[in-house]
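To be precise, the following lines are coords_0.pdb, and they hold PDB, C-alpha atoms.
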ATOM      1  CA  MET K   1      24.919  42.201  32.360
ATOM      2  CA  ASN K   2      27.190  41.345  29.443
ATOM      3  CA  ASN K   3      28.042  37.936  30.973
ATOM      4  CA  THR K   4      24.357  37.199  31.530
ATOM      5  CA  VAL K   5      23.569  37.807  27.849
ATOM      6  CA  ARG K   6      26.451  35.521  26.790
ATOM      7  CA  ILE K   7      25.259  32.745  29.089
ATOM      8  CA  LEU K   8      21.673  33.040  27.826
ATOM      9  CA  LEU K   9      22.797  32.997  24.194
ATOM     10  CA  THR K  10      24.997  29.982  24.885
ATOM     11  CA  LEU K  11      22.003  28.115  26.311
ATOM     12  CA  ILE K  12      19.336  29.284  23.829
ATOM     13  CA  LEU K  13      21.182  29.033  20.484
ATOM     14  CA  PRO K  14      21.691  25.234  20.624
ATOM     15  CA  ILE K  15      17.976  24.794  21.318
ATOM     16  CA  PHE K  16      17.063  26.755  18.180
ATOM     17  CA  ALA K  17      19.666  24.920  16.127
ATOM     18  CA  LEU K  18      18.426  21.486  17.228
ATOM     19  CA  SER K  19      14.756  22.350  16.785
ATOM     20  CA  GLY K  20      15.359  22.803  13.058
ATOM     21  CA  CYS K  21      16.570  19.200  12.731
ATOM     22  CA  SER K  22      14.084  16.505  11.871
ATOM     23  CA  SER K  23      14.517  12.756  12.041
ATOM     24  CA  LYS K  24      11.893  12.141   9.333
ATOM     25  CA  GLN K  25      12.440  12.817   5.677
ATOM     26  CA  ALA K  26       9.546  14.250   3.717
ATOM     27  CA  PRO K  27       8.064  11.795   1.206
ATOM     28  CA  SER K  28       9.297  12.212  -2.307
ATOM     29  CA  GLN K  29       6.834  12.763  -5.119
ATOM     30  CA  TYR K  30       6.813  10.312  -8.003
ATOM     31  CA  SER K  31       7.831  11.973 -11.229
ATOM     32  CA  ASP K  32       6.723  11.136 -14.754
ATOM     33  CA  ASP K  33       9.945  12.606 -16.118
ATOM     34  CA  LEU K  34      11.190   9.981 -18.570
ATOM     35  CA  GLY K  35      14.605  11.636 -18.661
ATOM     36  CA  SER K  36      15.221  10.732 -15.033
ATOM     37  CA  LEU K  37      16.597   7.290 -14.307
ATOM     38  CA  GLY K  38      15.766   7.443 -10.585
ATOM     39  CA  ASP K  39      17.401   4.589  -8.695
ATOM     40  CA  MET K  40      18.571   2.626 -11.745
ATOM     41  CA  ASP K  41      22.131   1.352 -11.506
ATOM     42  CA  PHE K  42      22.468   0.926 -15.245
ATOM     43  CA  ILE K  43      21.404   2.414 -18.534
ATOM     44  CA  PRO K  44      19.814  -0.135 -20.864
ATOM     45  CA  ASP K  45      21.443  -0.599 -24.255
ATOM     46  CA  GLY K  46      19.384   0.345 -27.261
ATOM     47  CA  ASN K  47      15.703   1.209 -27.314
ATOM     48  CA  PRO K  48      13.787  -1.115 -24.942
ATOM     49  CA  PHE K  49      10.520  -0.170 -26.686
ATOM     50  CA  ASP K  50      11.306  -1.464 -30.141
ATOM     51  CA  GLY K  51       7.766  -2.603 -30.932
ATOM     52  CA  SER K  52       8.499  -6.273 -30.254
ATOM     53  CA  LEU K  53       5.971  -6.539 -27.425
ATOM     54  CA  GLN K  54       3.279  -9.114 -28.056
ATOM     55  CA  ALA K  55      -0.246  -9.283 -26.670
ATOM     56  CA  ARG K  56      -0.976 -12.057 -24.206
ATOM     57  CA  ASP K  57      -2.591 -15.118 -25.679
ATOM     58  CA  GLY K  58      -4.967 -15.421 -22.741
ATOM     59  CA  GLY K  59      -3.593 -18.799 -21.687
ATOM     60  CA  ASP K  60      -2.412 -17.556 -18.311
ATOM     61  CA  ASN K  61      -5.928 -16.701 -17.048
ATOM     62  CA  ILE K  62      -4.910 -13.301 -15.749
ATOM     63  CA  GLY K  63      -7.149 -10.369 -16.539
ATOM     64  CA  ASN K  64     -10.763 -10.157 -17.643
ATOM     65  CA  ASP K  65     -11.857 -10.681 -14.031
ATOM     66  CA  LYS K  66      -9.774 -13.848 -13.741
ATOM     67  CA  TYR K  67      -7.100 -14.630 -11.167
ATOM     68  CA  GLY K  68      -5.576 -17.980 -12.051
ATOM     69  CA  ASP K  69      -8.407 -20.519 -12.074
ATOM     70  CA  PHE K  70     -10.677 -18.176 -10.109
ATOM     71  CA  THR K  71     -13.214 -15.558 -11.160
ATOM     72  CA  MET K  72     -12.780 -12.270  -9.301
ATOM     73  CA  VAL K  73     -15.922 -10.796  -7.746
ATOM     74  CA  GLY K  74     -15.489  -7.346  -6.235
ATOM     75  CA  GLY K  75     -17.938  -5.418  -4.085
ATOM     76  CA  VAL K  76     -19.023  -8.389  -1.970
ATOM     77  CA  LEU K  77     -16.829  -7.417   0.999
ATOM     78  CA  PRO K  78     -15.901  -3.904   2.157
ATOM     79  CA  SER K  79     -12.435  -2.382   1.773
ATOM     80  CA  ILE K  80     -10.187  -2.017   4.822
ATOM     81  CA  TYR K  81      -8.687   1.459   5.351
ATOM     82  CA  PHE K  82      -5.329   2.315   6.912
ATOM     83  CA  GLY K  83      -3.716   5.348   8.461
ATOM     84  CA  PHE K  84      -0.976   7.275   6.685
ATOM     85  CA  ASP K  85       2.189   5.164   6.325
ATOM     86  CA  SER K  86       0.627   2.351   8.356
ATOM     87  CA  SER K  87      -0.118  -1.316   7.827
ATOM     88  CA  SER K  88      -1.813  -1.868  11.189
ATOM     89  CA  VAL K  89      -5.463  -2.861  11.151
ATOM     90  CA  GLY K  90      -7.327  -0.205  13.116
ATOM     91  CA  ALA K  91      -9.969  -1.073  15.687
ATOM     92  CA  SER K  92     -12.704   0.464  13.533
ATOM     93  CA  GLU K  93     -11.796  -1.834  10.612
ATOM     94  CA  ARG K  94     -11.739  -5.126  12.520
ATOM     95  CA  SER K  95     -15.491  -5.680  12.271
ATOM     96  CA  LYS K  96     -15.116  -5.639   8.467
ATOM     97  CA  LEU K  97     -12.538  -8.421   8.726
ATOM     98  CA  GLN K  98     -14.855 -10.352  11.026
ATOM     99  CA  GLN K  99     -17.509 -10.004   8.304
ATOM    100  CA  ALA K 100     -15.025 -11.295   5.705
ATOM    101  CA  ALA K 101     -14.113 -14.270   7.910
ATOM    102  CA  GLU K 102     -17.809 -15.142   8.393
ATOM    103  CA  TYR K 103     -18.374 -14.931   4.630
ATOM    104  CA  LEU K 104     -15.433 -17.268   3.961
ATOM    105  CA  GLU K 105     -16.637 -19.714   6.627
ATOM    106  CA  GLN K 106     -20.096 -19.827   5.004
ATOM    107  CA  ASN K 107     -18.609 -20.176   1.502
ATOM    108  CA  SER K 108     -15.857 -22.738   1.973
ATOM    109  CA  GLU K 109     -15.218 -23.088  -1.783
ATOM    110  CA  HIS K 110     -14.377 -19.371  -2.143
ATOM    111  CA  HIS K 111     -10.966 -17.798  -1.661
ATOM    112  CA  LEU K 112     -10.001 -14.182  -1.101
ATOM    113  CA  LEU K 113      -7.653 -11.830  -2.953
ATOM    114  CA  VAL K 114      -6.346  -8.989  -0.798
ATOM    115  CA  GLU K 115      -5.063  -6.051  -2.874
ATOM    116  CA  GLY K 116      -2.925  -3.604  -0.889
ATOM    117  CA  HIS K 117      -3.181   0.005  -2.100
ATOM    118  CA  CYS K 118      -1.341   3.218  -1.158
ATOM    119  CA  ASP K 119      -1.707   6.923  -1.775
ATOM    120  CA  TRP K 120       0.704   8.837  -4.021
ATOM    121  CA  HIS K 121       2.983  10.026  -1.195
ATOM    122  CA  GLY K 122       6.378   8.312  -1.208
ATOM    123  CA  THR K 123       8.284   6.531  -3.937
ATOM    124  CA  SER K 124       6.637   3.865  -6.065
ATOM    125  CA  GLU K 125       9.059   1.260  -4.660
ATOM    126  CA  TYR K 126       8.205   2.171  -1.067
ATOM    127  CA  ASN K 127       4.483   2.105  -1.836
ATOM    128  CA  LEU K 128       4.722  -1.367  -3.374
ATOM    129  CA  VAL K 129       6.323  -2.606  -0.147
ATOM    130  CA  LEU K 130       3.734  -0.789   1.984
ATOM    131  CA  GLY K 131       0.906  -2.263  -0.120
ATOM    132  CA  ASP K 132       2.440  -5.705   0.440
ATOM    133  CA  ARG K 133       2.638  -5.086   4.200
ATOM    134  CA  ARG K 134      -1.019  -4.032   4.209
ATOM    135  CA  ALA K 135      -2.113  -7.151   2.319
ATOM    136  CA  ASN K 136      -0.042  -9.366   4.633
ATOM    137  CA  SER K 137      -1.488  -7.626   7.688
ATOM    138  CA  ILE K 138      -5.005  -8.468   6.491
ATOM    139  CA  GLY K 139      -3.966 -12.060   5.781
ATOM    140  CA  ASP K 140      -2.422 -12.407   9.240
ATOM    141  CA  TYR K 141      -5.520 -10.992  10.902
ATOM    142  CA  LEU K 142      -7.821 -13.358   8.999
ATOM    143  CA  ASP K 143      -5.535 -16.217  10.028
ATOM    144  CA  THR K 144      -6.167 -15.323  13.695
ATOM    145  CA  LEU K 145      -9.904 -15.506  12.912
ATOM    146  CA  GLY K 146      -9.499 -19.100  11.673
ATOM    147  CA  ILE K 147      -9.212 -18.602   7.907
ATOM    148  CA  THR K 148      -6.404 -20.769   6.543
ATOM    149  CA  PRO K 149      -3.642 -18.870   4.704
ATOM    150  CA  GLU K 150      -4.087 -21.167   1.676
ATOM    151  CA  ARG K 151      -7.426 -19.444   0.970
ATOM    152  CA  ILE K 152      -5.902 -15.959   0.935
ATOM    153  CA  GLU K 153      -4.025 -14.515  -2.049
ATOM    154  CA  LYS K 154      -2.142 -11.247  -1.546
ATOM    155  CA  LEU K 155      -1.208  -8.662  -4.127
ATOM    156  CA  SER K 156       0.335  -5.205  -3.760
ATOM    157  CA  LYS K 157      -0.855  -2.499  -6.112
ATOM    158  CA  GLY K 158       1.201   0.154  -4.301
ATOM    159  CA  SER K 159       0.289   3.579  -5.650
ATOM    160  CA  LEU K 160      -0.439   2.362  -9.193
ATOM    161  CA  GLU K 161      -4.114   3.342  -9.000
ATOM    162  CA  ALA K 162      -3.747   6.338  -6.659
ATOM    163  CA  THR K 163      -4.715   9.875  -7.610
ATOM    164  CA  SER K 164      -1.598  12.034  -7.406
ATOM    165  CA  GLY K 165      -1.463  15.540  -6.018
ATOM    166  CA  LEU K 166      -4.108  15.087  -3.327
ATOM    167  CA  SER K 167      -3.523  16.128   0.278
ATOM    168  CA  ARG K 168      -2.988  13.420   2.888
ATOM    169  CA  GLU K 169      -6.559  13.823   4.060
ATOM    170  CA  LEU K 170      -8.095  13.644   0.586
ATOM    171  CA  SER K 171      -5.964  10.688  -0.446
ATOM    172  CA  SER K 172      -7.111   8.611   2.544
ATOM    173  CA  GLN K 173      -9.406   6.604   0.231
ATOM    174  CA  ASN K 174      -6.284   5.306  -1.544
ATOM    175  CA  ARG K 175      -4.826   3.881   1.696
ATOM    176  CA  ARG K 176      -6.734   0.629   1.713
ATOM    177  CA  ALA K 177      -6.848  -3.085   1.082
ATOM    178  CA  ASP K 178      -9.573  -4.315  -1.260
ATOM    179  CA  LEU K 179     -11.100  -7.703  -0.446
ATOM    180  CA  ILE K 180     -12.024  -9.487  -3.668
ATOM    181  CA  VAL K 181     -13.865 -12.787  -3.549
ATOM    182  CA  LEU K 182     -12.359 -15.533  -5.723
ATOM    183  CA  LYS K 183     -14.864 -18.114  -7.005
ATOM    184  CA  LYS K 184     -14.044 -21.341  -8.866
TER     185      LYS K 184
END

Representation of the structure as structure tokens:
Amino acid sequence: MNNTVRILLTLILPIFALSGCSSKQAPSQYSDDLGSLGDMDFIPDGNPFDGSLQARDGGDNIGNDKYGDFTMVGGVLPSIYFGFDSSSVGASERSKLQQAAEYLEQNSEHHLLVEGHCDWHGTSEYNLVLGDRRANSIGDYLDTLGITPERIEKLSKGSLEATSGLSRELSSQNRRADLIVLKK
């Protein structure tokens, strides 16, 4: 009986030990702590916020609903939503991209700005990359529908506009790509 218990323990203990291991790391939460330098490799000399910042002169045509020489018009096309930590266009979202392609075919002078957004889970750096992957995924899909890449501008917003502290389910509205019409 004593040998049977030893054999069972020898077989069962490694299973419990390995079940506690995980290959995925939990997402880190972005912190507003200004005392933390995060991933910086250096400490800047002096005070970087010395009051020398100047307002834009408006000559670059960015802001005030402008994107370069274009006027940004939101709300014309629906947003495309993504799964958690995904940049794949889901089957349920493809009809929205078909609608966007039809709009661009009917309005050949218009372009499209694709803004990739993320929820607050993960680091800000990771979310900027994920937002870029989402925007590129939309651009690639529209390319397969016959829209030339020259008419598509892509921009990652990452988690800049996300609401922090929400659960994964509640923050699903932040995992999207906004399709903004650009008119000359």

Checklist entry - Expanded to explicit residues, what is the PyMOL selection byres ((chain K and resi 145) around 10) for this file, as a PyMOL selection string? => result chain K and resi 97-98+100-102+139-144+146-148

Next on the checklist: With all atoms listed in the file as the counted atoms, please give the residues lying no more than 9 Å from Asn174 (chain K), apart from itself and same-chain residues fewer than 2 positions off, as a list in words.
Outcome noted: Tyr81, His117, Cys118, Asp119, Trp120, Ser159, Glu161, Ala162, Thr163, Leu170, Ser171, Ser172, Arg176 and Ala177 of chain K

May I have the protein, DNA and RNA residues with any atom at most 10 Å from the point (-6.5, -8.3, 0.8), counting all atoms listed in the file, written as an mmCIF file with C-alpha atoms, in the coordinates of the input?
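So part.cif came out as:
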data_model
loop_
_atom_site.group_PDB
_atom_site.id
_atom_site.type_symbol
_atom_site.label_atom_id
_atom_site.label_comp_id
_atom_site.auth_asym_id
_atom_site.auth_seq_id
_atom_site.Cartn_x
_atom_site.Cartn_y
_atom_site.Cartn_z
ATOM 1 C CA SER K 79 -12.435 -2.382 1.773
ATOM 2 C CA ILE K 80 -10.187 -2.017 4.822
ATOM 3 C CA LEU K 97 -12.538 -8.421 8.726
ATOM 4 C CA LEU K 112 -10.001 -14.182 -1.101
ATOM 5 C CA LEU K 113 -7.653 -11.830 -2.953
ATOM 6 C CA VAL K 114 -6.346 -8.989 -0.798
ATOM 7 C CA GLU K 115 -5.063 -6.051 -2.874
ATOM 8 C CA GLY K 116 -2.925 -3.604 -0.889
ATOM 9 C CA HIS K 117 -3.181 0.005 -2.100
ATOM 10 C CA GLY K 131 0.906 -2.263 -0.120
ATOM 11 C CA ASP K 132 2.440 -5.705 0.440
ATOM 12 C CA ARG K 134 -1.019 -4.032 4.209
ATOM 13 C CA ALA K 135 -2.113 -7.151 2.319
ATOM 14 C CA ASN K 136 -0.042 -9.366 4.633
ATOM 15 C CA SER K 137 -1.488 -7.626 7.688
ATOM 16 C CA ILE K 138 -5.005 -8.468 6.491
ATOM 17 C CA GLY K 139 -3.966 -12.060 5.781
ATOM 18 C CA LEU K 142 -7.821 -13.358 8.999
ATOM 19 C CA ILE K 152 -5.902 -15.959 0.935
ATOM 20 C CA GLU K 153 -4.025 -14.515 -2.049
ATOM 21 C CA LYS K 154 -2.142 -11.247 -1.546
ATOM 22 C CA LEU K 155 -1.208 -8.662 -4.127
ATOM 23 C CA SER K 156 0.335 -5.205 -3.760
ATOM 24 C CA ARG K 176 -6.734 0.629 1.713
ATOM 25 C CA ALA K 177 -6.848 -3.085 1.082
ATOM 26 C CA ASP K 178 -9.573 -4.315 -1.260
ATOM 27 C CA LEU K 179 -11.100 -7.703 -0.446
ATOM 28 C CA ILE K 180 -12.024 -9.487 -3.668
ATOM 29 C CA VAL K 181 -13.865 -12.787 -3.549
#

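Nearest-residue note for Arg151 (chain K): choosing from K:Met72, K:Leu128, K:Val89, K:Leu182, the minimum distance belongs to K:Leu182, counting all atoms listed in the file.
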
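Between CA of Phe70 (chain K) and CA of Lys184 (chain K) lies a distance of 4.8 Å.
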
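Of note, CA of Gly158 (chain K) and CA of Thr123 (chain K) are spaced 9.5 Å apart.
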
Checklist entry - Interatomic distance between CA of Asn64 (chain K) and CA of Ser87 (chain K)? => result 29.0 Å

Might I get the box with edges along x, y and z of the file that holds all atoms of region 174-183 of chain K listed there, padded by 5 Å on every side, given as centre and edge lengths in Å to one decimal, as AutoDock Vina command-line options?
--center_x -9.8 --center_y -6.4 --center_z -2.6 --size_x 20.0 --size_y 33.4 --size_z 18.7

Please complete region 132-143 of chain K with all heavy atoms and give it back as a PDB file, in the frame of the given file.
ATOM      1  N   ASP K 132       2.210  -4.303   0.089  1.00  0.00           N
ATOM      2  CA  ASP K 132       2.440  -5.705   0.440  1.00  0.00           C
ATOM      3  C   ASP K 132       2.271  -5.917   1.944  1.00  0.00           C
ATOM      4  O   ASP K 132       1.654  -6.894   2.376  1.00  0.00           O
ATOM      5  CB  ASP K 132       3.843  -6.114  -0.020  1.00  0.00           C
ATOM      6  CG  ASP K 132       4.085  -7.591   0.123  1.00  0.00           C
ATOM      7  OD1 ASP K 132       3.289  -8.380  -0.408  1.00  0.00           O
ATOM      8  OD2 ASP K 132       5.087  -7.964   0.786  1.00  0.00           O
ATOM      9  N   ARG K 133       2.793  -4.987   2.740  1.00  0.00           N
ATOM     10  CA  ARG K 133       2.638  -5.086   4.200  1.00  0.00           C
ATOM     11  C   ARG K 133       1.166  -5.008   4.587  1.00  0.00           C
ATOM     12  O   ARG K 133       0.711  -5.714   5.493  1.00  0.00           O
ATOM     13  CB  ARG K 133       3.438  -3.980   4.904  1.00  0.00           C
ATOM     14  CG  ARG K 133       4.922  -4.233   4.922  1.00  0.00           C
ATOM     15  CD  ARG K 133       5.748  -3.280   5.782  1.00  0.00           C
ATOM     16  NE  ARG K 133       5.051  -2.226   6.439  1.00  0.00           N
ATOM     17  CZ  ARG K 133       5.387  -0.933   6.373  1.00  0.00           C
ATOM     18  NH1 ARG K 133       6.411  -0.547   5.647  1.00  0.00           N
ATOM     19  NH2 ARG K 133       4.708  -0.028   7.042  1.00  0.00           N
ATOM     20  N   ARG K 134       0.415  -4.147   3.917  1.00  0.00           N
ATOM     21  CA  ARG K 134      -1.019  -4.032   4.209  1.00  0.00           C
ATOM     22  C   ARG K 134      -1.755  -5.322   3.867  1.00  0.00           C
ATOM     23  O   ARG K 134      -2.579  -5.812   4.646  1.00  0.00           O
ATOM     24  CB  ARG K 134      -1.614  -2.844   3.456  1.00  0.00           C
ATOM     25  CG  ARG K 134      -1.175  -1.521   4.050  1.00  0.00           C
ATOM     26  CD  ARG K 134      -1.665  -0.323   3.287  1.00  0.00           C
ATOM     27  NE  ARG K 134      -1.304   0.885   4.035  1.00  0.00           N
ATOM     28  CZ  ARG K 134      -1.351   2.100   3.550  1.00  0.00           C
ATOM     29  NH1 ARG K 134      -1.760   2.303   2.309  1.00  0.00           N
ATOM     30  NH2 ARG K 134      -0.994   3.127   4.292  1.00  0.00           N
ATOM     31  N   ALA K 135      -1.469  -5.892   2.713  1.00  0.00           N
ATOM     32  CA  ALA K 135      -2.113  -7.151   2.319  1.00  0.00           C
ATOM     33  C   ALA K 135      -1.738  -8.270   3.289  1.00  0.00           C
ATOM     34  O   ALA K 135      -2.603  -9.072   3.690  1.00  0.00           O
ATOM     35  CB  ALA K 135      -1.715  -7.512   0.885  1.00  0.00           C
ATOM     36  N   ASN K 136      -0.474  -8.339   3.682  1.00  0.00           N
ATOM     37  CA  ASN K 136      -0.042  -9.366   4.633  1.00  0.00           C
ATOM     38  C   ASN K 136      -0.676  -9.169   6.001  1.00  0.00           C
ATOM     39  O   ASN K 136      -1.008 -10.141   6.683  1.00  0.00           O
ATOM     40  CB  ASN K 136       1.481  -9.378   4.751  1.00  0.00           C
ATOM     41  CG  ASN K 136       2.133 -10.044   3.574  1.00  0.00           C
ATOM     42  OD1 ASN K 136       1.645 -11.048   3.063  1.00  0.00           O
ATOM     43  ND2 ASN K 136       3.233  -9.489   3.107  1.00  0.00           N
ATOM     44  N   SER K 137      -0.852  -7.924   6.411  1.00  0.00           N
ATOM     45  CA  SER K 137      -1.488  -7.626   7.688  1.00  0.00           C
ATOM     46  C   SER K 137      -2.926  -8.141   7.707  1.00  0.00           C
ATOM     47  O   SER K 137      -3.370  -8.746   8.689  1.00  0.00           O
ATOM     48  CB  SER K 137      -1.454  -6.106   7.931  1.00  0.00           C
ATOM     49  OG  SER K 137      -2.136  -5.771   9.099  1.00  0.00           O
ATOM     50  N   ILE K 138      -3.633  -7.952   6.604  1.00  0.00           N
ATOM     51  CA  ILE K 138      -5.005  -8.468   6.491  1.00  0.00           C
ATOM     52  C   ILE K 138      -4.995  -9.999   6.529  1.00  0.00           C
ATOM     53  O   ILE K 138      -5.791 -10.621   7.227  1.00  0.00           O
ATOM     54  CB  ILE K 138      -5.665  -7.984   5.183  1.00  0.00           C
ATOM     55  CG1 ILE K 138      -5.773  -6.465   5.147  1.00  0.00           C
ATOM     56  CG2 ILE K 138      -7.017  -8.650   4.962  1.00  0.00           C
ATOM     57  CD1 ILE K 138      -6.661  -5.863   6.188  1.00  0.00           C
ATOM     58  N   GLY K 139      -4.072 -10.604   5.779  1.00  0.00           N
ATOM     59  CA  GLY K 139      -3.966 -12.060   5.781  1.00  0.00           C
ATOM     60  C   GLY K 139      -3.668 -12.617   7.161  1.00  0.00           C
ATOM     61  O   GLY K 139      -4.270 -13.609   7.583  1.00  0.00           O
ATOM     62  N   ASP K 140      -2.758 -11.968   7.886  1.00  0.00           N
ATOM     63  CA  ASP K 140      -2.422 -12.407   9.240  1.00  0.00           C
ATOM     64  C   ASP K 140      -3.623 -12.284  10.175  1.00  0.00           C
ATOM     65  O   ASP K 140      -3.871 -13.158  11.001  1.00  0.00           O
ATOM     66  CB  ASP K 140      -1.247 -11.600   9.795  1.00  0.00           C
ATOM     67  CG  ASP K 140       0.063 -11.879   9.067  1.00  0.00           C
ATOM     68  OD1 ASP K 140       0.148 -12.908   8.352  1.00  0.00           O
ATOM     69  OD2 ASP K 140       0.995 -11.065   9.201  1.00  0.00           O
ATOM     70  N   TYR K 141      -4.354 -11.194  10.041  1.00  0.00           N
ATOM     71  CA  TYR K 141      -5.520 -10.992  10.902  1.00  0.00           C
ATOM     72  C   TYR K 141      -6.590 -12.043  10.616  1.00  0.00           C
ATOM     73  O   TYR K 141      -7.186 -12.605  11.541  1.00  0.00           O
ATOM     74  CB  TYR K 141      -6.086  -9.581  10.721  1.00  0.00           C
ATOM     75  CG  TYR K 141      -7.049  -9.195  11.819  1.00  0.00           C
ATOM     76  CD1 TYR K 141      -6.584  -8.610  12.998  1.00  0.00           C
ATOM     77  CD2 TYR K 141      -8.409  -9.439  11.690  1.00  0.00           C
ATOM     78  CE1 TYR K 141      -7.463  -8.268  14.018  1.00  0.00           C
ATOM     79  CE2 TYR K 141      -9.296  -9.101  12.707  1.00  0.00           C
ATOM     80  CZ  TYR K 141      -8.819  -8.518  13.868  1.00  0.00           C
ATOM     81  OH  TYR K 141      -9.684  -8.192  14.872  1.00  0.00           O
ATOM     82  N   LEU K 142      -6.836 -12.321   9.338  1.00  0.00           N
ATOM     83  CA  LEU K 142      -7.821 -13.358   8.999  1.00  0.00           C
ATOM     84  C   LEU K 142      -7.374 -14.731   9.485  1.00  0.00           C
ATOM     85  O   LEU K 142      -8.204 -15.564   9.860  1.00  0.00           O
ATOM     86  CB  LEU K 142      -8.081 -13.364   7.491  1.00  0.00           C
ATOM     87  CG  LEU K 142      -8.872 -12.170   6.960  1.00  0.00           C
ATOM     88  CD1 LEU K 142      -8.886 -12.163   5.437  1.00  0.00           C
ATOM     89  CD2 LEU K 142     -10.287 -12.162   7.519  1.00  0.00           C
ATOM     90  N   ASP K 143      -6.065 -14.959   9.498  1.00  0.00           N
ATOM     91  CA  ASP K 143      -5.535 -16.217  10.028  1.00  0.00           C
ATOM     92  C   ASP K 143      -5.886 -16.359  11.510  1.00  0.00           C
ATOM     93  O   ASP K 143      -6.251 -17.437  11.964  1.00  0.00           O
ATOM     94  CB  ASP K 143      -4.021 -16.264   9.808  1.00  0.00           C
ATOM     95  CG  ASP K 143      -3.406 -17.591  10.198  1.00  0.00           C
ATOM     96  OD1 ASP K 143      -4.088 -18.641  10.105  1.00  0.00           O
ATOM     97  OD2 ASP K 143      -2.220 -17.604  10.601  1.00  0.00           O
TER      98      ASP K 143
END
